[in-house]
Amino acid sequence: MELGSTLSAVRSTRVLIGDRLCPAVVTMRGGKIHEILPESNCSVTAHTEVLDVGDSVVMPGVVDCHVHVNEPGRTSWEGFWTATRAAAAGGVTTIVDMPLNSVPPTTTLDHFHEKLQEATGKCFVDTAFWGGVIPGNQPELRPMIHAGVAGFKCFLIHSGVEEFPHVTDSDLHAAMKQLQGTGSVLLFHAELDVEPKPEETADPRQYSTFLQSRPDVMEMEAIRTVTDLCLQYQVRCHIVHLSSAKPLTLIQRARQAGAPLTVETTHHYLSLSAEDIPAGATHFKCCPPIRGAENRELLWSALRDGHIDMVVSDHSPCTPDLKNMESGDFTQAWGGISSLQFGNIKVKLDCEPAHFTKAQIYTCFLSLCYIKNIAALFFCQLQSEFCDTHSRKPKRENHPFDTTANTRC
């Protein structure tokens with residue numbers, strides 16, 4: 001079959017239907033999944049073009065709603081052409097691009113149109129876009145919603161790039177008033193500067209030095225601000241890349257009080273721990289930081305119990321020089337981890353031992369992210385040893401983001 005050709009149906013002996021793997025044929029019509037027919041009841045017509053993938057698992061593609069593509073402006077870091085190919089290779093069939101670190105950032109209607117133009121013709125998967133909230137751009141929010149952004153992101157602390165400044169309390173209240181009644185969502189990088197920095201005598205090559213500079217309380221106090229705003233305005237709010245388990249009780253209480261609040265964590269917070277990061281290994285730096293093994297297990301428990309809604313990549317690449325690999329200085333290195341292609345597989349391989357059937361393992365894998373009912377199927381041929389590996393099975397609720405207006409670039 002030619003690359004890019006249009007399929008009418010896909011047949012496999014292992015199609016994921018609910019929590020079961022069974023023989024079936026998936027038919028498509030008008031770019032969407034039309035029917036899933038059990039093999040025993042298959043009525044595909046003779047002229048239908050069917051791709052038979054044997055015993056490869058056929059399952060919906062994953063939506064990664066936290067990806068930094070960086071185009072336009074920083075294409076030496078990443079662009080749509082490479083990012084969306086990496087996504088497709090990892091079974092991700094929809095990404096949602098963050099409003100930074102592109103130049104210009106997606107903080108005005110004109111900048112959004114510029115990004116759409118840059119992305120056109122370069123995307124191998126469905127692509128949607130977040131807008132940004134920065135000081136003074138509140139009048140741009142509703143026009144951007146009408147133009148199709150999936151929602152907005154803001155920072156409560158320095159973003160790492162000058163063109164995307166963090167917001168103040170007054171900025172947040174102004175933005176919330178603009179978003180009331182729109183059904184849109186405001187995403188928060190939830191860290192606040194509340195603690196003194198480590199002593200200058202601390203070794204910048206030690207990961208512990210960086211970790212001490214971003215303690216749990218920074219997330220706790222930021223999320224306290226988010227929950228108060230969410231309850232006050234009843235605007236949908238979402239906490240991105242939760243790394244600390246300590247605010248989870250605060251989040252649960254806010255939800256119980258009626259806050260329309262959701263939260264995500266990332267591949268690296270579930271797969272890595274601070275104790276294992278060597279001195280000078282700045283490629284592990286991200287913000288908020290990777291924390292200890294005990295904290296990691298608490299995140300897994302929260303995901304399994306439904307207190308964390310989704311897992312994303314927070315794919316944030318940069319050029320190698322910005323990681324300061326030669327000096328190994330964590331305090332000066334760029335904070336970001338690239339995991340768009342491999343993150344889901346990494347999380348799956350690192351799951352804790354549990355007695356799951358193969359179908360349950362695949363369902364767990366899908367449950368990490370929202371699955372959209374478009375004709376974006378992931379065919380995975382995995383060795384039996386991989387299928388028999390251990391897994392965690394988190395609960396899922398309705399996904400908080402409506403990305404049905406995704407753009408096929």
# chains A, B, ... in the order shown; residues from 1 in each chain; ligands from 1
>>> residues_around(residues="segment 77-93 of chain A", least_positions_apart="3", cutoff="7 Å", atoms="only C-alpha atoms", output="compact mmCIF listing (two decimals) with C-alpha atoms, in the first residue's frame")
# COMPACT_ATOMS: atom_id res chain seq x y z
CA GLY A 61 -4.13 6.74 18.16
CA VAL A 62 -3.06 8.71 21.21
CA VAL A 63 -3.65 12.45 21.69
CA ASP A 64 -0.68 14.27 23.26
CA VAL A 69 6.94 22.42 18.43
CA ASN A 70 8.75 25.83 18.46
CA GLU A 71 7.84 26.86 14.91
CA ARG A 74 13.09 28.36 16.72
CA ALA A 119 2.29 24.57 9.94
CA LYS A 122 4.18 20.11 7.28
CA CYS A 123 2.04 17.96 9.58
CA PHE A 124 1.89 14.16 9.49
CA VAL A 125 -0.72 13.96 12.28
CA ASP A 126 -3.73 16.03 13.31
CA PRO A 317 13.43 20.04 22.66
CA CYS A 318 16.31 22.45 22.21
CA THR A 319 19.70 22.54 20.51
CA LEU A 340 7.27 12.66 21.97
CA GLN A 341 8.21 9.48 20.08
CA PHE A 342 9.21 7.21 22.97
CA ALA A 376 -6.31 7.53 13.14
CA PHE A 378 -2.09 2.77 15.50
>>> residues_around(residues="Gly54 of chain A", least_positions_apart="6", cutoff="9 Å", atoms="only C-alpha atoms", output="PyMOL selection string")
chain A and resi 11-14
>>> residues_around(residues="Phe112 of chain A", least_positions_apart="2", cutoff="10 Å", atoms="only C-alpha atoms", output="PyMOL selection string")
chain A and resi 99+104-110+114-118+129-132+144+147-149
>>> closest_residue(among="A:Val58, A:Val263, A:Ala257, A:Met98", to="Pro23 of chain A", atoms="only C-alpha atoms")
A:Val58
>>> residues_around(residues="segment 227-239 of chain A", least_positions_apart="3", cutoff="9 Å", atoms="only C-alpha atoms", output="number ranges by chain")
A: 153, 172-173, 176-177, 179-190, 222-224, 242, 250-251, 254-255, 257-265, 400
>>> closest_residue(among="A:Gly336, A:Asn137, A:Asp55, A:Leu322", to="Ser76 of chain A", atoms="only C-alpha atoms")
A:Leu322
>>> atom_distance(atom1="atom CA of Ser244 of chain A", atom2="atom CA of Met218 of chain A")
9.5 Å
>>> closest_atom_pairs(of="segment 126-159 of chain A", to="segment 272-294 of chain A", cutoff="12 Å", atoms="only C-alpha atoms", output="tab-separated table")
residue	atom	partner	partner_atom	distance
A:Phe155	CA	A:Cys287	CA	11.6
A:Ile157	CA	A:Cys287	CA	10.5
A:His158	CA	A:Cys287	CA	10.7
A:Ser159	CA	A:Cys287	CA	9.5
>>> closest_residue(among="A:Pro165, A:Pro139, A:Pro320, A:Gly151", to="Gly335 of chain A", atoms="only C-alpha atoms")
A:Pro320
>>> select_by_dssp(residues="segment 220-305 of chain A", states="alpha helix (DSSP H)", output="PyMOL selection string")
chain A and resi 220-233+248-256+267-271+293-304
>>> select_by_dssp(residues="segment 41-254 of chain A", states="strand (DSSP E or B)", output="PyMOL selection string")
chain A and resi 50-52+57-60+62-67+92-97+126-129+131-132+152-155+185-189+236-239
>>> decode(residues="segment 132-153 of chain A", atoms="N, CA and C atoms", output="PDB file, in the first residue's frame")
ATOM      1  N   GLY A 132      -1.902  31.628  24.286  1.00  0.00           N
ATOM      2  CA  GLY A 132      -1.228  31.986  25.524  1.00  0.00           C
ATOM      3  C   GLY A 132      -1.856  33.195  26.193  1.00  0.00           C
ATOM      4  N   VAL A 133      -1.808  33.218  27.530  1.00  0.00           N
ATOM      5  CA  VAL A 133      -2.218  34.382  28.309  1.00  0.00           C
ATOM      6  C   VAL A 133      -0.961  35.008  28.893  1.00  0.00           C
ATOM      7  N   ILE A 134      -0.730  36.265  28.541  1.00  0.00           N
ATOM      8  CA  ILE A 134       0.393  37.034  29.062  1.00  0.00           C
ATOM      9  C   ILE A 134      -0.143  38.391  29.512  1.00  0.00           C
ATOM     10  N   PRO A 135       0.627  39.176  30.237  1.00  0.00           N
ATOM     11  CA  PRO A 135       0.128  40.484  30.675  1.00  0.00           C
ATOM     12  C   PRO A 135      -0.334  41.342  29.496  1.00  0.00           C
ATOM     13  N   GLY A 136      -1.578  41.824  29.582  1.00  0.00           N
ATOM     14  CA  GLY A 136      -2.088  42.786  28.611  1.00  0.00           C
ATOM     15  C   GLY A 136      -2.742  42.224  27.376  1.00  0.00           C
ATOM     16  N   ASN A 137      -2.774  40.901  27.190  1.00  0.00           N
ATOM     17  CA  ASN A 137      -3.366  40.385  25.946  1.00  0.00           C
ATOM     18  C   ASN A 137      -4.788  39.875  26.114  1.00  0.00           C
ATOM     19  N   GLN A 138      -5.450  40.239  27.201  1.00  0.00           N
ATOM     20  CA  GLN A 138      -6.806  39.731  27.447  1.00  0.00           C
ATOM     21  C   GLN A 138      -7.787  40.044  26.322  1.00  0.00           C
ATOM     22  N   PRO A 139      -7.718  41.214  25.641  1.00  0.00           N
ATOM     23  CA  PRO A 139      -8.641  41.466  24.526  1.00  0.00           C
ATOM     24  C   PRO A 139      -8.473  40.509  23.348  1.00  0.00           C
ATOM     25  N   GLU A 140      -7.350  39.801  23.279  1.00  0.00           N
ATOM     26  CA  GLU A 140      -7.111  38.866  22.175  1.00  0.00           C
ATOM     27  C   GLU A 140      -7.751  37.503  22.401  1.00  0.00           C
ATOM     28  N   LEU A 141      -8.184  37.210  23.626  1.00  0.00           N
ATOM     29  CA  LEU A 141      -8.566  35.845  23.960  1.00  0.00           C
ATOM     30  C   LEU A 141      -9.813  35.380  23.214  1.00  0.00           C
ATOM     31  N   ARG A 142     -10.875  36.158  23.251  1.00  0.00           N
ATOM     32  CA  ARG A 142     -12.107  35.726  22.580  1.00  0.00           C
ATOM     33  C   ARG A 142     -11.945  35.628  21.065  1.00  0.00           C
ATOM     34  N   PRO A 143     -11.288  36.586  20.404  1.00  0.00           N
ATOM     35  CA  PRO A 143     -11.036  36.400  18.967  1.00  0.00           C
ATOM     36  C   PRO A 143     -10.246  35.135  18.667  1.00  0.00           C
ATOM     37  N   MET A 144      -9.308  34.767  19.522  1.00  0.00           N
ATOM     38  CA  MET A 144      -8.540  33.544  19.298  1.00  0.00           C
ATOM     39  C   MET A 144      -9.407  32.305  19.501  1.00  0.00           C
ATOM     40  N   ILE A 145     -10.328  32.367  20.462  1.00  0.00           N
ATOM     41  CA  ILE A 145     -11.259  31.245  20.646  1.00  0.00           C
ATOM     42  C   ILE A 145     -12.095  31.054  19.384  1.00  0.00           C
ATOM     43  N   HIS A 146     -12.611  32.149  18.842  1.00  0.00           N
ATOM     44  CA  HIS A 146     -13.441  32.071  17.639  1.00  0.00           C
ATOM     45  C   HIS A 146     -12.639  31.572  16.444  1.00  0.00           C
ATOM     46  N   ALA A 147     -11.315  31.817  16.451  1.00  0.00           N
ATOM     47  CA  ALA A 147     -10.457  31.378  15.348  1.00  0.00           C
ATOM     48  C   ALA A 147     -10.058  29.914  15.481  1.00  0.00           C
ATOM     49  N   GLY A 148     -10.291  29.309  16.664  1.00  0.00           N
ATOM     50  CA  GLY A 148     -10.073  27.874  16.770  1.00  0.00           C
ATOM     51  C   GLY A 148      -9.042  27.378  17.755  1.00  0.00           C
ATOM     52  N   VAL A 149      -8.447  28.237  18.603  1.00  0.00           N
ATOM     53  CA  VAL A 149      -7.497  27.697  19.578  1.00  0.00           C
ATOM     54  C   VAL A 149      -8.229  26.770  20.550  1.00  0.00           C
ATOM     55  N   ALA A 150      -7.511  25.772  21.048  1.00  0.00           N
ATOM     56  CA  ALA A 150      -8.127  24.784  21.935  1.00  0.00           C
ATOM     57  C   ALA A 150      -8.315  25.307  23.344  1.00  0.00           C
ATOM     58  N   GLY A 151      -7.633  26.390  23.685  1.00  0.00           N
ATOM     59  CA  GLY A 151      -7.659  26.966  25.023  1.00  0.00           C
ATOM     60  C   GLY A 151      -6.405  27.794  25.206  1.00  0.00           C
ATOM     61  N   PHE A 152      -6.022  28.075  26.452  1.00  0.00           N
ATOM     62  CA  PHE A 152      -4.918  28.994  26.715  1.00  0.00           C
ATOM     63  C   PHE A 152      -4.029  28.474  27.835  1.00  0.00           C
ATOM     64  N   LYS A 153      -2.776  28.898  27.773  1.00  0.00           N
ATOM     65  CA  LYS A 153      -1.808  28.544  28.812  1.00  0.00           C
ATOM     66  C   LYS A 153      -1.185  29.806  29.375  1.00  0.00           C
TER      67      LYS A 153
END
